[in-house]
Each structure stands twice: as structure tokens, then as C-alpha cells.
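Colleague: Have a look at the structure that comes next, please.
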Number of protein chains: 2
Amino acid sequence: MRVEIVAVGTELLLGQIADTNSAWLGEHLAAAGVSSHFHQAVGDNQSRIVLALRTALARSDAVITCGGLGPTHDDITREAIAEVLNVPLRRDEAVVEAIRAMFSSRGREMPDANLRQADVPEGAAIIPQTMGTAPGLICPVGAKVLYAVPGVPYEMSDMFTRAILPDLEARMRANGERTGTIASRVLRTWGMSESGLADVLAGRIAELDEEAGAGGTDGAGGTDGAGAGGREGERGATTIAFLASGIEGIKVRVTVRAPDDRTAAARLDVEEATIRSILAVDGRDIVFGVDDEAIEDAVARVLHDRRWTLGLAESLTGGLVGSRLANVPGANSWFRGGVISYASEVKFDVLGVHPGPVVCETAAAQMAEGARRILRADVGLSLTGVAGPASQDGKPPGTVFIGLALGEAPAEVTELTVPGDRQRIRQYATISALDLLRRRVGALPVGGPPGAPGLGG
Amino acid sequence: MRVEIVAVGTELLLGQIADTNSAWLGEHLAAAGVSSHFHQAVGDNQSRIVLALRTALARSDAVITCGGLGPTHDDITREAIAEVLNVPLRRDEAVVEAIRAMFSSRGREMPDANLRQADVPEGAAIIPQTMGTAPGLICPVGAKVLYAVPGVPYEMSDMFTRAILPDLEARMRANGERTGTIASRVLRTWGMSESGLADVLAGRIAELDEEAGAGGTDGAGGTDGAGAGGREGERGATTIAFLASGIEGIKVRVTVRAPDDRTAAARLDVEEATIRSILAVDGRDIVFGVDDEAIEDAVARVLHDRRWTLGLAESLTGGLVGSRLANVPGANSWFRGGVISYASEVKFDVLGVHPGPVVCETAAAQMAEGARRILRADVGLSLTGVAGPASQDGKPPGTVFIGLALGEAPAEVTELTVPGDRQRIRQYATISALDLLRRRVGALPVGGPPGAPGLGG
């Protein structure tokens, strides 16, 4: 089953908006073990949409179009599909009534423009709408199928999960391609490069390949060539793939096949535990979260578990660390706030740093202790460094000192050199500091005060 | 001249990375008045890349491929192009030496894997590389042309600007399609919706359409259908288009055609002035920057021009305002820093806010005055409000108070209601506060102290 995605909308070709729908669909198809070999984007022009759809139907088994189902005269996906299928459009009165009801529930009349959203190519089924006014479409084309969903991301993702993926899986089972379910879980890591992770997990990946047997590398789903590390989708295999996550670290995605959801979840639990134990060798602690958890969620968890509060002193990062922590729901139970001591005098006057160089270990320590004191927090975290492009206090751009004050104990300071331009240096410093905090606090027992004798340093 | 973009890379189909290259190319082609009617993405598989390229060459006049020019065995764009062109690959010894020199300049040996990056399809020209190791390719295909560039964004954009766009423009001139140059300028606005801007500028757009005469709507470049507002690309016309910029406001893009660059720049100046005067009616001040300037750059400019310094007090935004200001090069000349007073007690203890409700006008005023005092700044800016999902102090999510203390004058407070979820509310509050600061400070004379009698309030 090869799926092609056709994104409809002139604004996509003009780069006015990012095509997030195609990426979302590609990712979720892959996680469900379904291949997607081509994507297209085409503008709001009927003859070109028809050409794109015919191209897709010639080379793929199933096509998903997003966009062009709105009520305006630019929304012509329905007309294009009818032309490709060589059938008329029929206005579905039940759909008209459903759209009318959506408007009246908001105290409004349905404009006549919305009537076209109830036009359905003869022979197609609708995917009932729950959020927007346009229903989706499931259009059989001989042995193939063409799905159409709105371009609004949450409407697209809802209809995919609710109707398209189950329909694809039913077709794959009918073909003998799919005899169970596929589930994935992502372990989010920070502190090791993608090639480093690939090396450490090479042995496990080789074991899994052996278990898969002679499945070949271009199986019922997933990548071909060497792709992104790990060979996904081989028949019957548990597979591991690596996904770079911008500057947020490397994601390790485990995908399992099983007869049903419960067995799949159990297999994911086993593989997650196996991978975590491999990654923990030599005292490493690089897995900070699962699936959508960000590093600030891990920080929130370790502080909340210990009932400790946190105060910040930020210099080069300018508030970036605080803004990430404030993102976490319930931050007010552990986040006191911070001092953005951008100017040197603010470090001296407000935080009590001794006048002198500000990009050094001593300043970082005094900033962390000062933040803890001023903000009346259990833990103080500080960052000082050089974002560039100029050097400062004789230190080159990329120099970063992170101070951590745990209770009354003298602050510990870590020095790093981070790569990139000004913006990248600030982002790397932020994530490095949050990860250091996570690991250091996470290593301390729950139920004691921070920095008690024997627990600090 | 219809250009098609083919992005090569399995990670694109799997949604592991966003396809920013296609969006960038589409936007920059449009800004140069060149149509792009189809985009494709395909994985690292030679037969599928060949199929995608043949599809593109059948329906488009020029094709730009990005990706697959690296040194690994997954990088097969060169082989695919050679197959499509039905020519052998020849190893260009001058390119080998150039790559070898890049490695030795970093004190390293060139690995043998990089030799393949010097393979050139017979009949093609190279685009010399300046940043990465792979040269680009310009491959004539009969009357058509196939360009290949690396997938690394800054390498792609450099080769496009330096080599591809000039080549396309030369071809268009040779066809009689292009007899001059096209240039664009973007005015960045905040404070008016896209439909509001379209209304206000409707008269000007109509005048420009009349000047364009009977050019039709599907001209030598740009959109068709109604696209994104404004009809770009009609022959000889100055055109105006609206681009939503996420939450950063609406961009108004002016595109002019002229015989040469100098005349084009002069026409842009005239149209920019015209649009600014239309948008300034009724005392509005909604244009904050031009092209890539962000709102924090406008804030930096108004403070720097007056030699005033700024201190912040942030609550719900958690440091987001500070982190944006710290992004601006040279911020240390006007940005003192801030207090992230996330916990209420920090507002009382550190900023001197009177104990009591913290989401109200009085608290915002005291926070702004306190920040100015503590950080020894000329101007204090504060934000307090409710990010949600819970209400606070009886105020619903989306309630935001912005305080502005100019010199010794009592702080002015503005109350807003902003839409969205927790994250969206914090981002809107940030931009609204920066815009308010920009407008209020920008309205004061240069050379006076902030908040002097007659200038405040």
C-alpha cells in the first residue's frame, strides 16, 4: 500500500505558509507502518489539481488530498476529483442540513456559499465533519482510493485518525498486507549525537534485524535506502529509528507490530526498558522524556516530586529559560521566577555578584546563589556567557557557564562551549542548562532538602 | 516559465523534518515574478527520483531539485539526473581538488566518499560551492533546464540567489518573457487583521489594477485564482499581496517591475510611501518594520535613537519578552534586563508591588515602576495577566495588563483581551507589549528625557 499526499493551495507554492499537513501525515503514516513515497503540492487551479491527482493515481495506491474543501470559489478540490473520477457532483441534502445546523448552533444563518461543501462525487462516501463545516471524502477509484480532507490542520488530523487510517488498515488487511496493529513510542534524548546513539544501539538494532529474519529492507511500510537510521517496517520486526529534533536533541522512535493494541503496548514497554538500559550504561542519563514531553516537562517533574522551588538568573539567554519553564502547566507550584541580569550592573546591584568579570565561574556561582536568595527558592540556576559575535571578558562566543545552587551549599558551576551563531548559542545554552538541572536534581533523593550534607557536590 | 520544485529526502516523506526549502524557493520565485505550479517531495530511491523528475519535466519548464548531493550512498540525485538525461556521469577533477582544498583548510584529509560529489552529468555545468562540499548543477534538457542544489538551507538559498535566479531570468529574457527586473519589499504590520488591511488598501489595489490594464489574471508570474489577496504578476503591474506571518502580524508585500534595479528600487520607495500614508490615516501606526525586521528591532531602534534604557517586569510571559529583546544585536546598549516575577511574592518582595491581587491595573503599574527602579532604567515595561487554563483574581484567561513607566511619570496601563490557548496568549501578550512600547516611545521626541512634563501620559 503506497500512499501519496497531495496538498492543495496556492499559498503553499508561494511559501506563504509552511506545509505542515504533509509532514504530519507522512509521520503518522510511517508510525502506523504505511509507506508514503511521493508528496505533491499544487495550487488552486482545477486543471493542475486534476493533473496532480492523475499523476498520483498512476504511481501510488492511495491518495490523500488536503485543502480546497472550503466554501469559496477558490475551493475546487471537489470539482477536480469529480473530473478525475469522471462522475458528476451530487448535493447531499443530509450534509446541507448538518452544515446549516452548525451555523444555527452559533446563532447564525448558513451563507449560500457553504452549499457547495455538501457536493459529493457520485460513488464517494463522506467523512462526517465534527469541527469545520466541510465533510471529508472517501472516493474509490477502481482498486485504488482517493481521500480528501480539509487543509485546516486539526480537521485534517482528526479525519485521518478517525476515518482514513482505519480505512487504509482495513484495505491492507484485505490485501493480506496487515494482520495486526502497529504502534510507536518516541524516547527523547539529549546529550548524545545521532551517530553516537546509532553506535550505542547498533547491537540492539542488529539483534532486531535477525529476529525479523529475511524480511528485506523495503517491507510493507517505511523507508528504503538507509533513510534515517534503523530500517523501519520490515515484516514482523520491532524497529528503531532516529529522528533529529532540531536543537531539541535526538528522538529514538520504537515501532512494534502486534496482533492487537494491548500486545503492542506491552511490546513497546519491553523495548523501551531495553533501550533505556542500553542508554544508561556508563552512568549516562540521556533520556529526558517520552513522546511529546519537552525538557522543561522533565525539569517540572523532578522539582515537583521533591516539592522544591526554582529561581533563575539569566544573562545571555535574556529570559529564554524562564519562558520555557512558564510554558509548563502548573509551573506556579515550583517556579518562583528569575532575574534577567542582562547588564553587568544588574548582576552586581540586584544579584550581589562582586564587581568584575561577568563571564567566569565565580560570577556564575554568585548569580545562582543570588537568584536563590532574592527569589526565595530552594534551587538557583544561572547562565552567563558570550552569545557573540564579539568576545567578552576575553572569552570567545559560545563560552557558557551554568551555575547551580542547591540549598545552602556553594553553587556548582559547569563550563560549556556551544556551537552556532548568536541565536543558536542562546538556544543551546538554554537546553543545556535545563538538562543539567534535570539530571542533577533528578539524582537527588525525594524527601530531603536540597543541598543537604552528603547530597550536594 | 513554469518552475517545479522537487525536494529529495526520505526524511521529508516521514515528516521527520519540515520542508522549508520548497517554501523558501516558492516564496523567492514569486517575489521575483516567476511561477511555481507544482512541488514534489520524493525519497532517497533512484527509480522514484527519476519518475518524479520525468513527471516534473513533462509539465514544467524548469525544475529545481534540493537534496541528495551529499557524500553518502543515500545521496543519489546525481545518478538519477544522469539517468533522466540519458548521459554518463563524469568526475570533474577541478571539483575534486576544490573539495580536497576545503578539507585541508580545516586540517583534514578528504574522505574517499566525497569523491562522488565531483561527479557531473555530461553536458551539465556546475554551480561552484562556497559553503558546503557539493557543487550545484545546471543541466539543460532540450529547451528546458534542471537545476540541482544541496538540501542544506543556506547552501540552497546561496546557490539560488547567486546562480539559479539569474539563469532563470536570462532564459526568460531570451524568451521575451522578461524585459527588466522584478523586486519586492515587505512592510510588516501589527494591529490590523488581513481582511481589515485588504479593505483599507482596496482602493489602491484597484488603482494599480487599472494601471496594469488588460493583463489578465494569469500573467507571467504569480498566482491564479484569487490566491492570497491581491493579484500578483500581471504584466507591467505593481502588485500588493498579503501574507499572514503566524502570530507576528500581517506582511504587506509590494512587487514592482522595472527596466533595471535602480528604477525598481525607486518604484518600491514610491509605493512604500503611498501604502504607509494610506495605513497611517486616522492616526494608525501599524507598520513596524521592513523586510526581515522583527518587532524587537523596532523597539531597539526607538530606544537607541533616544539613548534610553529599558527594564522589564514579566509575569505570565515568563521571560519571553526579554528573550526576544536579547536577540537584537547591540541590545546591551539599551536593555538592562528584567525581573521574571512569576510567583506573586516575587512581585511583592522584589518589585515592591503592594500585596493583593496581581492581575489588575494597579499591579501592572507598580510592576513597571518597580522594574524601572530596580534595574535603573529610563523606561519600565510590565506584563501581568492570565495565561490559563484557570482564571486568576477573578479574571478569565486572555486578560492582560501592560504597564509602561516613562521616567518618573506614573505608569500608564493598557488592558487587553488576547485569544488562544496558554501558549498563544503568552505569545500575543509579548508582541502586543512590544508593539505598545514601540508606538508610545516612538511618538516621543528624540533628545528629551522620558516622561518629562507635557510628554508623558
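Labels for the C-alpha cells follow display order: chains A, B, ..., residues from 1 in each chain, ligands from 1.
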Can you work out which residues from chain A touch chain B at a cut-off of 7 Å (counting only C-alpha atoms) and hand them back as a ChimeraX atom specification?
Modeller: /A:10-16,18,23-24,26-27,30,36-45,74,223,225-228,243,317-320,322-323,326-327,332,335-343,346,375,423
Colleague: Let me see the file: selected residues, N, CA and C atoms, as a compact mmCIF listing (two decimals), in the first residue's frame.
Modeller:
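File written: out.txt
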```txt
# COMPACT_ATOMS: atom_id res chain seq x y z
N THR A 10 -2.63 27.48 -3.31
CA THR A 10 -1.64 28.36 -3.93
C THR A 10 -0.68 28.94 -2.90
N GLU A 11 -1.18 29.20 -1.69
CA GLU A 11 -0.31 29.78 -0.67
C GLU A 11 0.86 28.87 -0.32
N LEU A 12 0.70 27.56 -0.54
CA LEU A 12 1.81 26.63 -0.28
C LEU A 12 2.91 26.83 -1.31
N LEU A 13 2.54 26.99 -2.58
CA LEU A 13 3.55 27.17 -3.62
C LEU A 13 4.28 28.50 -3.46
N LEU A 14 3.59 29.49 -2.91
CA LEU A 14 4.21 30.81 -2.74
C LEU A 14 5.00 30.89 -1.45
N GLY A 15 5.04 29.79 -0.69
CA GLY A 15 5.79 29.79 0.56
C GLY A 15 5.19 30.69 1.62
N GLN A 16 3.91 31.03 1.45
CA GLN A 16 3.28 31.94 2.41
C GLN A 16 2.98 31.22 3.73
N ALA A 18 3.78 27.32 5.83
CA ALA A 18 4.56 26.09 5.79
C ALA A 18 3.60 24.92 5.59
N ALA A 23 3.85 16.93 6.27
CA ALA A 23 4.80 16.36 7.22
C ALA A 23 4.07 15.56 8.29
N TRP A 24 2.95 16.10 8.79
CA TRP A 24 2.19 15.40 9.83
C TRP A 24 1.69 14.06 9.29
N GLY A 26 2.81 12.32 6.74
CA GLY A 26 3.92 11.40 6.47
C GLY A 26 4.40 10.74 7.75
N GLU A 27 4.52 11.53 8.80
CA GLU A 27 4.99 10.99 10.08
C GLU A 27 4.01 9.98 10.65
N ALA A 30 3.92 6.75 8.65
CA ALA A 30 5.10 5.94 8.94
C ALA A 30 4.97 5.26 10.31
N SER A 36 4.76 6.11 2.39
CA SER A 36 4.37 7.28 1.61
C SER A 36 5.58 7.61 0.75
N HIS A 37 5.47 7.46 -0.57
CA HIS A 37 6.63 7.57 -1.44
C HIS A 37 6.75 8.89 -2.19
N PHE A 38 5.66 9.60 -2.33
CA PHE A 38 5.67 10.89 -3.04
C PHE A 38 4.73 11.85 -2.33
N HIS A 39 5.13 13.11 -2.31
CA HIS A 39 4.23 14.19 -1.89
C HIS A 39 4.17 15.18 -3.04
N GLN A 40 3.03 15.83 -3.21
CA GLN A 40 2.92 16.93 -4.18
C GLN A 40 2.22 18.10 -3.51
N ALA A 41 2.53 19.30 -3.99
CA ALA A 41 1.75 20.48 -3.64
C ALA A 41 1.35 21.13 -4.96
N VAL A 42 0.12 21.60 -5.04
CA VAL A 42 -0.40 22.19 -6.27
C VAL A 42 -1.32 23.35 -5.89
N GLY A 43 -1.48 24.30 -6.80
CA GLY A 43 -2.27 25.49 -6.48
C GLY A 43 -3.76 25.32 -6.75
N ASP A 44 -4.51 26.40 -6.49
CA ASP A 44 -5.98 26.37 -6.61
C ASP A 44 -6.39 26.54 -8.07
N ASN A 45 -6.05 25.57 -8.89
CA ASN A 45 -6.33 25.61 -10.32
C ASN A 45 -6.81 24.22 -10.72
N ASP A 74 -12.38 29.61 -4.74
CA ASP A 74 -11.03 29.03 -4.89
C ASP A 74 -11.01 27.56 -4.48
N THR A 223 10.77 3.18 5.30
CA THR A 223 11.76 3.80 4.42
C THR A 223 12.41 2.78 3.52
N GLY A 225 16.36 2.57 1.16
CA GLY A 225 17.70 3.12 1.27
C GLY A 225 18.04 3.05 2.75
N ALA A 226 19.03 3.76 3.16
CA ALA A 226 19.37 3.72 4.58
C ALA A 226 18.53 4.70 5.35
N GLY A 227 17.89 5.62 4.65
CA GLY A 227 16.97 6.55 5.28
C GLY A 227 17.56 7.21 6.50
N ALA A 228 16.83 7.21 7.54
CA ALA A 228 17.21 7.99 8.73
C ALA A 228 17.77 7.11 9.82
N LEU A 243 15.40 10.27 14.83
CA LEU A 243 14.87 11.49 14.22
C LEU A 243 15.53 12.66 14.91
N THR A 317 20.94 34.51 27.84
CA THR A 317 19.70 33.91 27.35
C THR A 317 18.51 34.88 27.47
N GLY A 318 18.66 35.91 28.28
CA GLY A 318 17.70 37.01 28.26
C GLY A 318 16.28 36.70 28.69
N GLY A 319 16.01 35.53 29.24
CA GLY A 319 14.64 35.18 29.63
C GLY A 319 14.14 33.92 28.93
N LEU A 320 14.97 33.36 28.07
CA LEU A 320 14.56 32.18 27.29
C LEU A 320 14.31 30.97 28.19
N GLY A 322 13.39 31.00 31.41
CA GLY A 322 12.13 31.25 32.13
C GLY A 322 10.92 31.08 31.24
N SER A 323 11.01 31.55 29.99
CA SER A 323 9.85 31.46 29.12
C SER A 323 9.51 30.01 28.81
N ALA A 326 7.84 28.59 32.02
CA ALA A 326 6.48 29.12 32.21
C ALA A 326 5.48 28.45 31.28
N ASN A 327 5.97 27.76 30.28
CA ASN A 327 5.13 27.01 29.35
C ASN A 327 4.46 25.80 30.00
N ASN A 332 3.44 27.37 38.44
CA ASN A 332 3.40 28.24 39.61
C ASN A 332 3.60 27.48 40.92
N PHE A 335 7.93 27.24 40.19
CA PHE A 335 8.74 28.27 39.53
C PHE A 335 8.51 29.62 40.20
N ARG A 336 9.54 30.14 40.87
CA ARG A 336 9.40 31.42 41.54
C ARG A 336 9.54 32.57 40.55
N GLY A 337 10.49 32.42 39.60
CA GLY A 337 10.72 33.48 38.64
C GLY A 337 12.22 33.62 38.42
N GLY A 338 12.64 34.81 37.97
CA GLY A 338 14.06 34.97 37.70
C GLY A 338 14.46 36.43 37.61
N VAL A 339 15.76 36.62 37.54
CA VAL A 339 16.29 37.95 37.26
C VAL A 339 17.03 37.86 35.94
N ILE A 340 16.58 38.68 34.97
CA ILE A 340 17.30 38.74 33.69
C ILE A 340 18.35 39.83 33.88
N SER A 341 19.55 39.42 34.25
CA SER A 341 20.61 40.39 34.57
C SER A 341 21.43 40.63 33.31
N TYR A 342 20.79 41.28 32.33
CA TYR A 342 21.46 41.43 31.03
C TYR A 342 22.66 42.38 31.15
N ALA A 343 22.45 43.53 31.79
CA ALA A 343 23.55 44.49 32.00
C ALA A 343 24.38 44.04 33.19
N VAL A 346 23.37 45.12 36.68
CA VAL A 346 22.23 44.44 37.29
C VAL A 346 22.72 43.18 38.02
N LEU A 375 14.94 35.40 45.17
CA LEU A 375 13.64 34.86 44.78
C LEU A 375 13.10 33.88 45.82
N GLN A 423 21.93 33.36 17.95
CA GLN A 423 20.65 32.78 18.35
C GLN A 423 20.81 31.33 18.75
```
Colleague: I'd like the neighbourhood of Met102 (chain A) as a ChimeraX atom specification, where a residue qualifies if any of its atoms comes within 10 Å (using only C-alpha atoms), though same-chain residues fewer than 5 positions away should be ignored.
Modeller: /A:97,107-110,130-133
Colleague: Identify which of the residues A:Ala237, A:Val386, A:Val418, A:Val252 lies closest to Glu210 (chain A), counting only C-alpha atoms when measuring atom-to-atom distances.
Modeller: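 Closest candidate: A:Ala237.
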Colleague: Can you pull out every residue within 9 Å of Ser432 (chain A), counting only C-alpha atoms, but drop anything in the same chain fewer than 3 positions away, and send it as a PyMOL selection string?
Modeller: chain A and resi 190-191+402+416+427-429+435-437
Colleague: Write a file of the just-selected residues containing N, CA, C and O atoms, as a CSV table (one decimal), in the first residue's frame.
Modeller:
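out11.csv, freshly written:
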```csv
chain,number,residue,atom,x,y,z
A,190,TRP,N,18.9,13.8,25.0
A,190,TRP,CA,19.7,15.0,24.9
A,190,TRP,C,21.1,14.6,25.4
A,190,TRP,O,21.2,14.0,26.5
A,191,GLY,N,22.1,15.0,24.7
A,191,GLY,CA,23.5,14.7,25.2
A,191,GLY,C,24.3,13.8,24.4
A,191,GLY,O,25.5,13.6,24.6
A,402,ILE,N,27.3,27.6,33.6
A,402,ILE,CA,26.0,27.3,34.2
A,402,ILE,C,26.2,27.1,35.7
A,402,ILE,O,27.0,26.3,36.0
A,416,LEU,N,30.7,25.2,29.5
A,416,LEU,CA,30.5,24.5,28.2
A,416,LEU,C,31.0,25.4,27.0
A,416,LEU,O,31.1,26.7,27.2
A,427,GLN,N,20.1,29.3,22.4
A,427,GLN,CA,19.2,28.2,22.5
A,427,GLN,C,19.9,27.0,23.1
A,427,GLN,O,19.3,26.3,23.9
A,428,TYR,N,21.1,26.7,22.6
A,428,TYR,CA,21.9,25.6,23.1
A,428,TYR,C,22.1,25.8,24.6
A,428,TYR,O,22.1,24.8,25.4
A,429,ALA,N,22.5,27.0,25.0
A,429,ALA,CA,22.8,27.3,26.4
A,429,ALA,C,21.5,27.0,27.2
A,429,ALA,O,21.6,26.4,28.3
A,435,ASP,N,18.8,20.7,30.9
A,435,ASP,CA,19.2,19.3,31.0
A,435,ASP,C,20.1,19.0,32.2
A,435,ASP,O,19.9,18.0,32.9
A,436,LEU,N,21.0,20.0,32.5
A,436,LEU,CA,21.9,19.8,33.7
A,436,LEU,C,21.1,19.8,34.9
A,436,LEU,O,21.3,19.0,35.9
A,437,LEU,N,20.1,20.8,35.0
A,437,LEU,CA,19.2,20.9,36.2
A,437,LEU,C,18.4,19.6,36.4
A,437,LEU,O,18.4,19.0,37.5
```
Colleague: Just the residues within 10 Å of region 271-278 of chain B, please, counting only C-alpha atoms, with nothing from its chain fewer than 2 positions along; format it as JSON, numbers by chain.
Modeller: {"B": [185, 186, 187, 200, 201, 203, 204, 238, 239, 240, 252, 253, 254, 255, 256, 265, 266, 267, 268, 269, 280, 281, 282, 284, 285, 286, 287, 290]}
Colleague: Could you write out that same residue set with N, CA, C and O atoms as a CSV table (one decimal), in the first residue's frame?
Modeller:
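File written: out_21.csv
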```
chain,number,residue,atom,x,y,z
B,185,ARG,N,9.3,44.3,-1.8
B,185,ARG,CA,9.6,44.8,-0.4
B,185,ARG,C,8.4,44.5,0.4
B,185,ARG,O,7.2,44.6,0.0
B,186,VAL,N,8.7,44.1,1.7
B,186,VAL,CA,7.6,43.7,2.6
B,186,VAL,C,7.5,44.7,3.7
B,186,VAL,O,8.5,45.0,4.3
B,187,LEU,N,6.3,45.2,3.9
B,187,LEU,CA,6.0,46.1,5.1
B,187,LEU,C,5.4,45.2,6.1
B,187,LEU,O,4.4,44.5,5.9
B,200,VAL,N,-8.8,48.5,3.7
B,200,VAL,CA,-8.1,49.8,3.7
B,200,VAL,C,-7.3,50.0,2.4
B,200,VAL,O,-7.3,51.1,1.9
B,201,LEU,N,-6.7,48.9,1.9
B,201,LEU,CA,-5.9,49.1,0.7
B,201,LEU,C,-6.7,48.7,-0.6
B,201,LEU,O,-6.1,48.8,-1.7
B,203,GLY,N,-8.8,50.3,-2.3
B,203,GLY,CA,-8.8,51.4,-3.3
B,203,GLY,C,-7.5,51.4,-4.1
B,203,GLY,O,-7.5,51.6,-5.3
B,204,ARG,N,-6.4,51.3,-3.4
B,204,ARG,CA,-5.1,51.4,-4.0
B,204,ARG,C,-4.9,50.2,-4.9
B,204,ARG,O,-4.3,50.3,-6.0
B,238,THR,N,2.4,47.0,-10.7
B,238,THR,CA,2.9,47.0,-9.3
B,238,THR,C,1.8,46.2,-8.6
B,238,THR,O,0.6,46.5,-8.8
B,239,THR,N,2.1,45.3,-7.8
B,239,THR,CA,1.1,44.5,-7.1
B,239,THR,C,1.3,44.4,-5.6
B,239,THR,O,2.4,44.6,-5.1
B,240,ILE,N,0.2,44.2,-4.9
B,240,ILE,CA,0.2,44.2,-3.5
B,240,ILE,C,-0.3,42.8,-3.0
B,240,ILE,O,-1.4,42.4,-3.5
B,252,VAL,N,2.7,43.0,4.3
B,252,VAL,CA,2.1,43.6,3.0
B,252,VAL,C,3.3,43.6,2.0
B,252,VAL,O,4.3,44.3,2.2
B,253,ARG,N,3.2,42.8,1.0
B,253,ARG,CA,4.3,42.7,0.0
B,253,ARG,C,4.0,43.4,-1.2
B,253,ARG,O,3.0,43.2,-1.9
B,254,VAL,N,4.9,44.4,-1.6
B,254,VAL,CA,4.8,45.1,-2.8
B,254,VAL,C,5.8,44.6,-3.8
B,254,VAL,O,6.9,44.4,-3.5
B,255,THR,N,5.3,44.3,-5.0
B,255,THR,CA,6.2,43.8,-6.1
B,255,THR,C,6.1,44.8,-7.3
B,255,THR,O,5.0,45.1,-7.7
B,256,VAL,N,7.2,45.2,-7.8
B,256,VAL,CA,7.2,46.1,-8.9
B,256,VAL,C,8.0,45.5,-10.1
B,256,VAL,O,8.9,44.7,-9.8
B,265,ALA,N,14.0,49.9,-7.5
B,265,ALA,CA,14.1,50.4,-6.1
B,265,ALA,C,13.4,51.7,-5.9
B,265,ALA,O,12.7,51.9,-4.9
B,266,ALA,N,13.5,52.6,-6.9
B,266,ALA,CA,12.8,53.9,-6.8
B,266,ALA,C,11.2,53.7,-6.8
B,266,ALA,O,10.5,54.3,-6.0
B,267,ARG,N,10.8,52.8,-7.6
B,267,ARG,CA,9.3,52.5,-7.7
B,267,ARG,C,8.9,51.9,-6.3
B,267,ARG,O,7.8,52.2,-5.9
B,268,LEU,N,9.7,51.0,-5.7
B,268,LEU,CA,9.4,50.5,-4.4
B,268,LEU,C,9.3,51.6,-3.4
B,268,LEU,O,8.4,51.6,-2.5
B,269,ASP,N,10.2,52.5,-3.4
B,269,ASP,CA,10.2,53.6,-2.5
B,269,ASP,C,8.9,54.4,-2.6
B,269,ASP,O,8.2,54.7,-1.6
B,280,ALA,N,-1.6,55.1,7.5
B,280,ALA,CA,-1.5,56.0,8.7
B,280,ALA,C,-2.7,56.8,8.9
B,280,ALA,O,-2.7,57.6,9.9
B,281,VAL,N,-3.7,56.7,8.1
B,281,VAL,CA,-4.9,57.5,8.2
B,281,VAL,C,-5.6,57.2,9.6
B,281,VAL,O,-5.5,56.1,10.1
B,282,ASP,N,-6.2,58.2,10.2
B,282,ASP,CA,-6.9,58.0,11.5
B,282,ASP,C,-5.8,57.8,12.6
B,282,ASP,O,-6.1,57.1,13.6
B,284,ARG,N,-3.4,55.8,12.8
B,284,ARG,CA,-2.9,54.5,13.0
B,284,ARG,C,-1.3,54.4,12.8
B,284,ARG,O,-0.8,55.2,12.1
B,285,ASP,N,-0.7,53.5,13.5
B,285,ASP,CA,0.7,53.3,13.4
B,285,ASP,C,1.0,51.8,13.4
B,285,ASP,O,1.3,51.2,14.4
B,286,ILE,N,0.7,51.2,12.2
B,286,ILE,CA,0.8,49.7,12.2
B,286,ILE,C,1.9,49.1,11.5
B,286,ILE,O,2.1,47.9,11.6
B,287,VAL,N,2.7,49.9,10.8
B,287,VAL,CA,3.9,49.4,10.1
B,287,VAL,C,5.1,49.5,11.1
B,287,VAL,O,5.5,50.5,11.4
B,290,VAL,N,10.4,46.7,8.0
B,290,VAL,CA,10.5,46.4,6.6
B,290,VAL,C,11.3,45.1,6.4
B,290,VAL,O,12.3,44.9,7.1
```
Colleague: Any idea what's packed within 8 Å of Arg257 (chain B), counting only C-alpha atoms, ignoring anything in its chain fewer than 5 positions away? Could you give it as an mmCIF file with N, CA and C atoms, in the first residue's frame?
Modeller:
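Saved as part18.cif:
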```cif
data_model
loop_
_atom_site.group_PDB
_atom_site.id
_atom_site.type_symbol
_atom_site.label_atom_id
_atom_site.label_comp_id
_atom_site.auth_asym_id
_atom_site.auth_seq_id
_atom_site.Cartn_x
_atom_site.Cartn_y
_atom_site.Cartn_z
ATOM 1 N N GLY B 180 12.948 43.107 -17.997
ATOM 2 C CA GLY B 180 13.514 44.015 -16.980
ATOM 3 C C GLY B 180 13.741 43.227 -15.716
ATOM 4 N N THR B 181 13.449 43.839 -14.613
ATOM 5 C CA THR B 181 13.672 43.171 -13.344
ATOM 6 C C THR B 181 12.421 43.275 -12.480
ATOM 7 N N ILE B 182 12.331 42.383 -11.514
ATOM 8 C CA ILE B 182 11.223 42.421 -10.559
ATOM 9 C C ILE B 182 11.824 42.510 -9.169
ATOM 10 N N ALA B 183 11.280 43.361 -8.349
ATOM 11 C CA ALA B 183 11.774 43.483 -6.979
ATOM 12 C C ALA B 183 10.593 43.603 -6.033
ATOM 13 N N GLY B 236 3.431 44.183 -16.178
ATOM 14 C CA GLY B 236 3.622 45.612 -16.022
ATOM 15 C C GLY B 236 3.054 46.187 -14.757
ATOM 16 N N ALA B 237 2.464 45.415 -13.901
ATOM 17 C CA ALA B 237 1.787 45.984 -12.747
ATOM 18 C C ALA B 237 2.662 45.996 -11.510
ATOM 19 N N THR B 238 2.439 47.020 -10.713
ATOM 20 C CA THR B 238 2.871 46.970 -9.327
ATOM 21 C C THR B 238 1.770 46.229 -8.594
ATOM 22 N N ALA B 264 13.603 49.982 -10.254
ATOM 23 C CA ALA B 264 12.754 49.138 -9.411
ATOM 24 C C ALA B 264 12.792 49.618 -7.965
#
```
Colleague: So that I can check the surroundings of Arg171 (chain A), please list as a PyMOL selection string every protein, DNA and RNA residue that reaches within 9 Å of it, counting only C-alpha atoms and ignoring chain neighbours fewer than 6 positions away.
Modeller: chain A and resi 1+177-178
Colleague: Kindly save the residues from that selection, with N, CA, C and O atoms included, as a PDB file, in the first residue's frame.
Modeller:
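This is the output file part_10.pdb:
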```pdb
ATOM      1  N   MET A   1       0.865  -1.188   0.000  1.00  0.00           N
ATOM      2  CA  MET A   1       0.000   0.000   0.000  1.00  0.00           C
ATOM      3  C   MET A   1       0.899   1.234   0.000  1.00  0.00           C
ATOM      4  O   MET A   1       1.573   1.524   0.990  1.00  0.00           O
ATOM      5  N   GLU A 177      -1.790  -7.598   3.548  1.00  0.00           N
ATOM      6  CA  GLU A 177      -0.573  -6.859   3.916  1.00  0.00           C
ATOM      7  C   GLU A 177      -0.477  -6.619   5.411  1.00  0.00           C
ATOM      8  O   GLU A 177       0.584  -6.354   5.936  1.00  0.00           O
ATOM      9  N   ARG A 178      -1.593  -6.610   6.099  1.00  0.00           N
ATOM     10  CA  ARG A 178      -1.550  -6.181   7.505  1.00  0.00           C
ATOM     11  C   ARG A 178      -2.401  -7.124   8.311  1.00  0.00           C
ATOM     12  O   ARG A 178      -3.580  -7.296   8.052  1.00  0.00           O
TER      13      ARG A 178
END
```
Colleague: Given only C-alpha atoms as the basis, pick out the residue of B:Arg162, B:Arg91, B:Arg116, B:Arg2 nearest to Val145 (chain B).
Modeller: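 Closest to Val145 (chain B) of all the choices is B:Arg2.
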Colleague: I'd like to know which residues of region 100-274 of chain A are alpha helix (DSSP H) (by DSSP, run on the backbone); could you write them as an MDAnalysis selection string?
Modeller: chainID A and resid 100:104 153:159 165:174 194:212 261:274
Colleague: Between CA of Leu303 (chain A) and CA of Gly442 (chain A), what is the distance in Å, rounded to a tenth?
Modeller: 8.2 Å
